[in-house]
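**Student:** The structure's right below; bear with me while I get my questions together.
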Amino acid sequence: MTTANPQNQVNSALPGSEPVLVLDKVSSFYGNIQALRNISLKVYPGEIVTLIGSNGAGKTTTLKTISGLIKPRSGQIFLKGAPIGGVSPELIVSKGVSQSPEGRQIFPRMSVLENLEMGAFLRKDKAEIAADMENVFTLFPRLKERIKQRAGTMSGGEQQMLAMGRALMARPQILLLDEPSMGLSPKLVETIFEIIIDINKAGTTILLVEQNALAALSIANRGYVLQTGSIVLEDKGQSLLENENVRRTYLGETVGIE
C-alpha cells in the first residue's frame with residue numbers, strides 16, 4: 001500500500017496562497033434531518049486533502065453539498081473567492097468543480113469514449129478536449145484499450161478508472177473523489193491511489209473522501225475527521241496517522257495497524 005512520504009506529497013500548498021475551496025460553517029439537511037453541522041474547511045492549490053470518518057459521518061454529504069447536489073441550509077461555500085453555495089450543479093462544474101461519485105455511476109450502455117465525452121459536455125474548446133482525452137489515456141491506458149467497449153461490461157476497477165477519467169475531462173480546478181477504492185481488490189486499491197498521486201502531481205487539487213483511512217492519510221497533505229456531521233479534528237496527514245485516537249478509531253487491525 002502507498003505510504004506517506006515527501007515524494008508522494010509533492011504538491012503542498014504554497015505559503016500565502018489563497019484557498020481553492022472554502023466551506024464556512026456549512027450546514028446541510030435531508031428533509032428535517034441535519035447531516036452537516038457548521039462544517040468549515042479549506043483546500044489550497046496543489047493539495048490532497050482527505051475527509052475520513054465512519055459510515056454516516058457526513059463525508060459524501062459534504063461532497064454533494066460542494067457540487068450543488070444538496071443545497072446548504074446555512075453557511076457559505078467559496079471557489080477561489082467566489083460564492084457557489086446553492087448554485088446549480090451544472091454551473092458549479094463549469095466553474096471548475098468536478099466529482100467522481102461514490103459507486104462510479106458511469107453510463108453502462110455507453111462506450112468508454114462516450115462516457116469520457118460526457119465529462120466534457122460543458123466545454124467548447126475541441127482542441128484542448130482532445131489533448132485532455134490523451135492525458136486521460138496516459139493516466140489510464142486500460143481505458144484506451146477499451147475505448148469502444150460498453151462501460152457496463154468492464155470490471156469494477158476499470159469502471160472506477162473511467163469515473164475518474166470522466167471527471168478529469170471537465171478540467172477541474174478541484175477534483176472531488178468519493179470512495180475511489182470501494183469494492184476493489186487490495187492490488188487495484190494500490191493502483192488507484194498511485195494514480196491519484198499522479199493526478200495531483202500533474203497539478204490537480206484533490207478533495208478525497210475515503211473509507212480506507214490508512215490509504216487516504218498516507219497520501220494526503222492534510223486531513224479532516226468527520227463525526228456525526230461535525231469536524232472534530234484537523235491536522236496534517238502524517239500527524240493524523242500518528243494520532244492515538246485516529247489510530248484506535250479509524251486505523252484498527254482491519255487496516256493493518258499493529
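As shown in the C-alpha cells, the chain order sets the letters A, B, ...; within each chain, residues go from 1, and ligands are also counted from 1 in the order they appear.
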Please provide the set of residues having any atom within 9 Å of A:Leu175, restricted to only C-alpha atoms, with same-chain residues fewer than 2 positions apart removed, written as a list of chain:residue names.

**Tutor:**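 The neighbour list is A:Gly96, A:Val97, A:Ser98, A:Gln99, A:Ser100, A:Met164, A:Ala167, A:Leu168, A:Arg171, A:Pro172, A:Gln173, A:Leu177, A:Thr204, A:Thr205, A:Ile206, A:Leu207, A:Leu208.
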
**Student:** For the selection just defined, write its residues with N, CA and C atoms to a file, as a tab-separated table (two decimals), in the first residue's frame.

**Tutor:**
```
chain	number	residue	atom	x	y	z
A	96	GLY	N	-15.44	24.88	-12.32
A	96	GLY	CA	-14.19	24.17	-12.04
A	96	GLY	C	-14.23	23.13	-10.94
A	97	VAL	N	-15.43	22.66	-10.57
A	97	VAL	CA	-15.55	21.60	-9.57
A	97	VAL	C	-16.08	20.35	-10.27
A	98	SER	N	-15.34	19.27	-10.19
A	98	SER	CA	-15.76	18.03	-10.84
A	98	SER	C	-15.68	16.89	-9.83
A	99	GLN	N	-16.65	15.96	-9.91
A	99	GLN	CA	-16.74	14.90	-8.91
A	99	GLN	C	-16.75	13.53	-9.57
A	100	SER	N	-15.96	12.62	-9.01
A	100	SER	CA	-16.06	11.20	-9.31
A	100	SER	C	-16.87	10.59	-8.18
A	164	MET	N	-13.15	8.36	-12.81
A	164	MET	CA	-12.15	9.38	-12.53
A	164	MET	C	-11.73	10.10	-13.80
A	167	ALA	N	-14.40	12.58	-14.82
A	167	ALA	CA	-14.34	13.79	-14.00
A	167	ALA	C	-13.20	14.71	-14.45
A	168	LEU	N	-12.08	14.13	-14.83
A	168	LEU	CA	-10.94	14.93	-15.28
A	168	LEU	C	-11.21	15.62	-16.60
A	171	ARG	N	-11.81	19.25	-16.82
A	171	ARG	CA	-10.65	20.09	-16.49
A	171	ARG	C	-10.91	20.87	-15.20
A	172	PRO	N	-11.06	20.18	-14.09
A	172	PRO	CA	-11.45	20.84	-12.84
A	172	PRO	C	-10.31	21.62	-12.18
A	173	GLN	N	-10.70	22.68	-11.47
A	173	GLN	CA	-9.77	23.34	-10.57
A	173	GLN	C	-9.60	22.52	-9.30
A	177	LEU	N	-13.18	13.31	-5.10
A	177	LEU	CA	-13.17	11.85	-5.26
A	177	LEU	C	-13.91	11.22	-4.08
A	204	THR	N	-3.49	18.90	-10.34
A	204	THR	CA	-4.89	18.95	-9.94
A	204	THR	C	-5.03	18.88	-8.43
A	205	THR	N	-5.73	19.84	-7.86
A	205	THR	CA	-6.04	19.85	-6.44
A	205	THR	C	-7.15	18.83	-6.17
A	206	ILE	N	-7.04	18.10	-5.05
A	206	ILE	CA	-7.96	16.98	-4.81
A	206	ILE	C	-8.53	17.05	-3.40
A	207	LEU	N	-9.84	16.86	-3.31
A	207	LEU	CA	-10.52	16.62	-2.04
A	207	LEU	C	-11.03	15.19	-2.07
A	208	LEU	N	-10.52	14.37	-1.19
A	208	LEU	CA	-10.72	12.92	-1.22
A	208	LEU	C	-11.54	12.46	-0.03
```

**Student:** Quick one: residues within 8 Å of stretch 152-161 of chain A, only C-alpha atoms, excluding same-chain residues fewer than 3 positions away - as JSON, numbers by chain?

**Tutor:** {"A": [104, 106, 107, 108, 109, 110, 140, 142, 143, 149, 164, 165, 180, 183, 184, 188, 192]}

**Student:** Residues within 9 Å of A:Glu117, please, as a VMD selection string. Count only C-alpha atoms; anything in the same chain fewer than 5 positions from it doesn't count.

**Tutor:** chain A and resid 112 129 133 166 169

**Student:** As a PyMOL selection string, please: all residues of stretch 117-251 of chain A that backbone DSSP puts in strand (DSSP E).

**Tutor:** chain A and resi 174-178+205-209+222-227+230-236

**Student:** Could you write those residues out with N, CA and C atoms, as a CSV table (one decimal), in the first residue's frame?

**Tutor:**
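Contents of result-v2.csv, freshly written:
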```csv
chain,number,residue,atom,x,y,z
A,174,ILE,N,-10.7,21.8,-8.9
A,174,ILE,CA,-10.6,20.9,-7.8
A,174,ILE,C,-11.4,19.6,-8.1
A,175,LEU,N,-10.8,18.5,-7.9
A,175,LEU,CA,-11.4,17.2,-8.2
A,175,LEU,C,-11.9,16.6,-6.9
A,176,LEU,N,-13.2,16.2,-6.8
A,176,LEU,CA,-13.8,15.6,-5.7
A,176,LEU,C,-13.8,14.1,-5.9
A,177,LEU,N,-13.2,13.3,-5.1
A,177,LEU,CA,-13.2,11.8,-5.3
A,177,LEU,C,-13.9,11.2,-4.1
A,178,ASP,N,-15.0,10.5,-4.4
A,178,ASP,CA,-15.8,9.9,-3.3
A,178,ASP,C,-15.6,8.4,-3.4
A,205,THR,N,-5.7,19.8,-7.9
A,205,THR,CA,-6.0,19.8,-6.4
A,205,THR,C,-7.1,18.8,-6.2
A,206,ILE,N,-7.0,18.1,-5.1
A,206,ILE,CA,-8.0,17.0,-4.8
A,206,ILE,C,-8.5,17.1,-3.4
A,207,LEU,N,-9.8,16.9,-3.3
A,207,LEU,CA,-10.5,16.6,-2.0
A,207,LEU,C,-11.0,15.2,-2.1
A,208,LEU,N,-10.5,14.4,-1.2
A,208,LEU,CA,-10.7,12.9,-1.2
A,208,LEU,C,-11.5,12.5,0.0
A,209,VAL,N,-12.6,11.8,-0.3
A,209,VAL,CA,-13.4,11.1,0.7
A,209,VAL,C,-13.1,9.6,0.6
A,222,ARG,N,-3.2,17.1,4.1
A,222,ARG,CA,-3.9,17.4,5.3
A,222,ARG,C,-5.2,16.6,5.4
A,223,GLY,N,-5.8,16.4,6.6
A,223,GLY,CA,-7.0,15.7,6.7
A,223,GLY,C,-7.9,16.3,7.7
A,224,TYR,N,-9.2,16.0,7.5
A,224,TYR,CA,-10.3,16.4,8.5
A,224,TYR,C,-11.0,15.1,8.9
A,225,VAL,N,-11.3,15.0,10.2
A,225,VAL,CA,-12.1,13.9,10.7
A,225,VAL,C,-13.5,14.3,11.0
A,226,LEU,N,-14.4,13.7,10.3
A,226,LEU,CA,-15.9,14.0,10.5
A,226,LEU,C,-16.5,12.9,11.4
A,227,GLN,N,-17.4,13.5,12.3
A,227,GLN,CA,-18.1,12.6,13.2
A,227,GLN,C,-19.5,13.2,13.4
A,230,SER,N,-20.0,16.7,12.1
A,230,SER,CA,-19.2,17.8,12.5
A,230,SER,C,-17.7,17.4,12.3
A,231,ILE,N,-16.9,18.4,12.1
A,231,ILE,CA,-15.4,18.2,12.1
A,231,ILE,C,-14.9,18.2,13.5
A,232,VAL,N,-14.3,17.1,13.9
A,232,VAL,CA,-13.8,17.0,15.3
A,232,VAL,C,-12.3,17.1,15.4
A,233,LEU,N,-11.6,17.0,14.2
A,233,LEU,CA,-10.1,17.0,14.2
A,233,LEU,C,-9.6,17.4,12.9
A,234,GLU,N,-8.6,18.2,12.8
A,234,GLU,CA,-7.9,18.6,11.6
A,234,GLU,C,-6.4,18.6,11.8
A,235,ASP,N,-5.6,18.1,10.9
A,235,ASP,CA,-4.2,18.1,11.0
A,235,ASP,C,-3.6,17.7,9.7
A,236,LYS,N,-2.2,17.7,9.7
A,236,LYS,CA,-1.5,17.1,8.6
A,236,LYS,C,-1.8,15.6,8.5
```

**Student:** Of the residues A:Leu51, A:Ala216, A:Ala57, A:Ile199, which is the one nearest to A:Gln34, using only C-alpha atoms?

**Tutor:** A:Ala57

**Student:** Atom CA of A:Ser88 to atom CA of A:Val49: how many Å, to one decimal?

**Tutor:**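 Separation between atom CA of A:Ser88 and atom CA of A:Val49: 24.1 Å.
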
**Student:** May I have the residues within 7 Å of A:Leu113 as a compact mmCIF listing (two decimals) with N, CA, C and O atoms, in the first residue's frame, using only C-alpha atoms and disregarding those fewer than 3 positions away in the same chain?

**Tutor:**
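As a result, around_5.txt now contains:
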```txt
# COMPACT_ATOMS: atom_id res chain seq x y z
N LEU A 116 -16.36 9.38 -21.51
CA LEU A 116 -15.37 10.44 -21.35
C LEU A 116 -15.84 11.73 -22.00
O LEU A 116 -15.64 12.83 -21.45
N GLU A 117 -16.49 11.62 -23.15
CA GLU A 117 -17.02 12.81 -23.82
C GLU A 117 -18.08 13.49 -22.96
O GLU A 117 -18.19 14.73 -22.97
N ILE A 147 -11.62 1.50 -25.57
CA ILE A 147 -12.28 2.75 -25.92
C ILE A 147 -13.67 2.56 -26.52
O ILE A 147 -14.56 3.37 -26.33
N LYS A 148 -13.89 1.44 -27.24
CA LYS A 148 -15.18 1.20 -27.87
C LYS A 148 -16.08 0.26 -27.07
O LYS A 148 -17.21 0.00 -27.45
```

**Student:** Looking only at the backbone, which of the residues in stretch 13-98 of chain A does DSSP tag as helix (DSSP H, G or I), as a list in words?

**Tutor:** Lys59, Thr60, Thr61, Thr62, Leu63, Lys64, Thr65, Ile66, Pro89, Glu90, Leu91, Ile92, Val93, Ser94 and Lys95 of chain A

**Student:** Convert the current residue selection to file output with all heavy atoms, as an mmCIF file, in the first residue's frame.

**Tutor:**
```
data_model
loop_
_atom_site.group_PDB
_atom_site.id
_atom_site.type_symbol
_atom_site.label_atom_id
_atom_site.label_comp_id
_atom_site.auth_asym_id
_atom_site.auth_seq_id
_atom_site.Cartn_x
_atom_site.Cartn_y
_atom_site.Cartn_z
ATOM 1 N N LYS A 59 -19.433 12.443 5.108
ATOM 2 C CA LYS A 59 -18.376 12.659 4.106
ATOM 3 C C LYS A 59 -18.965 12.872 2.712
ATOM 4 O O LYS A 59 -18.665 13.870 2.045
ATOM 5 C CB LYS A 59 -17.413 11.458 4.091
ATOM 6 C CG LYS A 59 -16.793 11.135 5.436
ATOM 7 C CD LYS A 59 -15.755 10.036 5.342
ATOM 8 C CE LYS A 59 -16.288 8.719 4.816
ATOM 9 N NZ LYS A 59 -17.319 8.123 5.697
ATOM 10 N N THR A 60 -19.807 11.945 2.273
ATOM 11 C CA THR A 60 -20.416 12.079 0.945
ATOM 12 C C THR A 60 -21.341 13.287 0.885
ATOM 13 O O THR A 60 -21.388 13.988 -0.134
ATOM 14 C CB THR A 60 -21.182 10.795 0.586
ATOM 15 O OG1 THR A 60 -20.237 9.722 0.407
ATOM 16 C CG2 THR A 60 -21.973 10.966 -0.705
ATOM 17 N N THR A 61 -22.048 13.561 1.977
ATOM 18 C CA THR A 61 -22.923 14.737 2.019
ATOM 19 C C THR A 61 -22.116 16.015 1.822
ATOM 20 O O THR A 61 -22.576 16.955 1.154
ATOM 21 C CB THR A 61 -23.675 14.792 3.357
ATOM 22 O OG1 THR A 61 -24.436 13.590 3.517
ATOM 23 C CG2 THR A 61 -24.612 15.987 3.401
ATOM 24 N N THR A 62 -20.922 16.061 2.380
ATOM 25 C CA THR A 62 -20.068 17.232 2.194
ATOM 26 C C THR A 62 -19.760 17.444 0.723
ATOM 27 O O THR A 62 -19.874 18.564 0.198
ATOM 28 C CB THR A 62 -18.763 17.076 2.994
ATOM 29 O OG1 THR A 62 -19.065 16.930 4.385
ATOM 30 C CG2 THR A 62 -17.859 18.285 2.808
ATOM 31 N N LEU A 63 -19.372 16.371 0.023
ATOM 32 C CA LEU A 63 -19.064 16.497 -1.405
ATOM 33 C C LEU A 63 -20.305 16.875 -2.205
ATOM 34 O O LEU A 63 -20.228 17.703 -3.124
ATOM 35 C CB LEU A 63 -18.476 15.191 -1.936
ATOM 36 C CG LEU A 63 -17.128 14.741 -1.369
ATOM 37 C CD1 LEU A 63 -16.546 13.616 -2.214
ATOM 38 C CD2 LEU A 63 -16.142 15.892 -1.277
ATOM 39 N N LYS A 64 -21.438 16.282 -1.884
ATOM 40 C CA LYS A 64 -22.678 16.613 -2.609
ATOM 41 C C LYS A 64 -23.072 18.070 -2.388
ATOM 42 O O LYS A 64 -23.613 18.716 -3.289
ATOM 43 C CB LYS A 64 -23.805 15.688 -2.166
ATOM 44 C CG LYS A 64 -23.690 14.262 -2.696
ATOM 45 C CD LYS A 64 -24.888 13.426 -2.278
ATOM 46 C CE LYS A 64 -24.842 12.037 -2.901
ATOM 47 N NZ LYS A 64 -26.027 11.217 -2.499
ATOM 48 N N THR A 65 -22.802 18.590 -1.200
ATOM 49 C CA THR A 65 -23.113 19.992 -0.927
ATOM 50 C C THR A 65 -22.183 20.911 -1.707
ATOM 51 O O THR A 65 -22.623 21.929 -2.264
ATOM 52 C CB THR A 65 -23.003 20.269 0.585
ATOM 53 O OG1 THR A 65 -23.882 19.388 1.298
ATOM 54 C CG2 THR A 65 -23.376 21.698 0.903
ATOM 55 N N ILE A 66 -20.917 20.546 -1.783
ATOM 56 C CA ILE A 66 -19.972 21.344 -2.568
ATOM 57 C C ILE A 66 -20.369 21.365 -4.045
ATOM 58 O O ILE A 66 -20.334 22.410 -4.700
ATOM 59 C CB ILE A 66 -18.542 20.787 -2.418
ATOM 60 C CG1 ILE A 66 -18.047 20.964 -0.987
ATOM 61 C CG2 ILE A 66 -17.575 21.475 -3.391
ATOM 62 C CD1 ILE A 66 -16.797 20.174 -0.667
ATOM 63 N N PRO A 89 -25.750 22.511 -10.031
ATOM 64 C CA PRO A 89 -24.603 21.635 -10.266
ATOM 65 C C PRO A 89 -23.902 21.899 -11.594
ATOM 66 O O PRO A 89 -22.667 21.846 -11.667
ATOM 67 C CB PRO A 89 -25.226 20.232 -10.237
ATOM 68 C CG PRO A 89 -26.441 20.373 -9.385
ATOM 69 C CD PRO A 89 -26.960 21.749 -9.675
ATOM 70 N N GLU A 90 -24.672 22.200 -12.645
ATOM 71 C CA GLU A 90 -24.066 22.451 -13.952
ATOM 72 C C GLU A 90 -23.161 23.672 -13.915
ATOM 73 O O GLU A 90 -22.059 23.666 -14.480
ATOM 74 C CB GLU A 90 -25.154 22.637 -15.025
ATOM 75 C CG GLU A 90 -25.985 21.407 -15.309
ATOM 76 C CD GLU A 90 -27.109 21.195 -14.299
ATOM 77 O OE1 GLU A 90 -27.286 22.063 -13.399
ATOM 78 O OE2 GLU A 90 -27.809 20.174 -14.402
ATOM 79 N N LEU A 91 -23.607 24.716 -13.238
ATOM 80 C CA LEU A 91 -22.803 25.929 -13.161
ATOM 81 C C LEU A 91 -21.563 25.692 -12.307
ATOM 82 O O LEU A 91 -20.476 26.203 -12.615
ATOM 83 C CB LEU A 91 -23.636 27.075 -12.588
ATOM 84 C CG LEU A 91 -22.977 28.457 -12.570
ATOM 85 C CD1 LEU A 91 -22.512 28.859 -13.966
ATOM 86 C CD2 LEU A 91 -23.942 29.503 -12.010
ATOM 87 N N ILE A 92 -21.698 24.900 -11.260
ATOM 88 C CA ILE A 92 -20.549 24.598 -10.411
ATOM 89 C C ILE A 92 -19.498 23.816 -11.197
ATOM 90 O O ILE A 92 -18.296 24.071 -11.085
ATOM 91 C CB ILE A 92 -21.004 23.835 -9.148
ATOM 92 C CG1 ILE A 92 -21.779 24.782 -8.228
ATOM 93 C CG2 ILE A 92 -19.804 23.245 -8.409
ATOM 94 C CD1 ILE A 92 -22.397 24.123 -7.029
ATOM 95 N N VAL A 93 -19.937 22.866 -12.025
ATOM 96 C CA VAL A 93 -18.992 22.140 -12.888
ATOM 97 C C VAL A 93 -18.290 23.106 -13.830
ATOM 98 O O VAL A 93 -17.067 23.046 -14.011
ATOM 99 C CB VAL A 93 -19.713 21.034 -13.682
ATOM 100 C CG1 VAL A 93 -18.770 20.431 -14.729
ATOM 101 C CG2 VAL A 93 -20.199 19.933 -12.749
ATOM 102 N N SER A 94 -19.057 24.020 -14.420
ATOM 103 C CA SER A 94 -18.468 24.965 -15.368
ATOM 104 C C SER A 94 -17.465 25.899 -14.704
ATOM 105 O O SER A 94 -16.547 26.404 -15.361
ATOM 106 C CB SER A 94 -19.573 25.788 -16.050
ATOM 107 O OG SER A 94 -20.144 26.732 -15.151
ATOM 108 N N LYS A 95 -17.607 26.100 -13.398
ATOM 109 C CA LYS A 95 -16.688 26.969 -12.667
ATOM 110 C C LYS A 95 -15.429 26.238 -12.204
ATOM 111 O O LYS A 95 -14.488 26.860 -11.727
ATOM 112 C CB LYS A 95 -17.401 27.594 -11.459
ATOM 113 C CG LYS A 95 -18.445 28.646 -11.843
ATOM 114 C CD LYS A 95 -19.124 29.214 -10.610
ATOM 115 C CE LYS A 95 -20.112 30.305 -10.977
ATOM 116 N NZ LYS A 95 -19.451 31.492 -11.580
#
```

**Student:** Could you work out how far atom CA of A:Gln238 lies from atom CA of A:Gly58, giving the answer in Å with one decimal?

**Tutor:**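 One can read the atom CA of A:Gly58 to atom CA of A:Gln238 distance as 22.5 Å.
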
**Student:** Restricting the calculation to only C-alpha atoms, which member of A:Ala151, A:Ile48, A:Leu41, A:Leu79 is positioned closest to A:Ser111?

**Tutor:**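 Closest candidate: A:Ala151.
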
**Student:** What does the distance from atom CA of A:Ile33 to atom CA of A:Val20 come to in Å, to one decimal?

**Tutor:** 29.3 Å
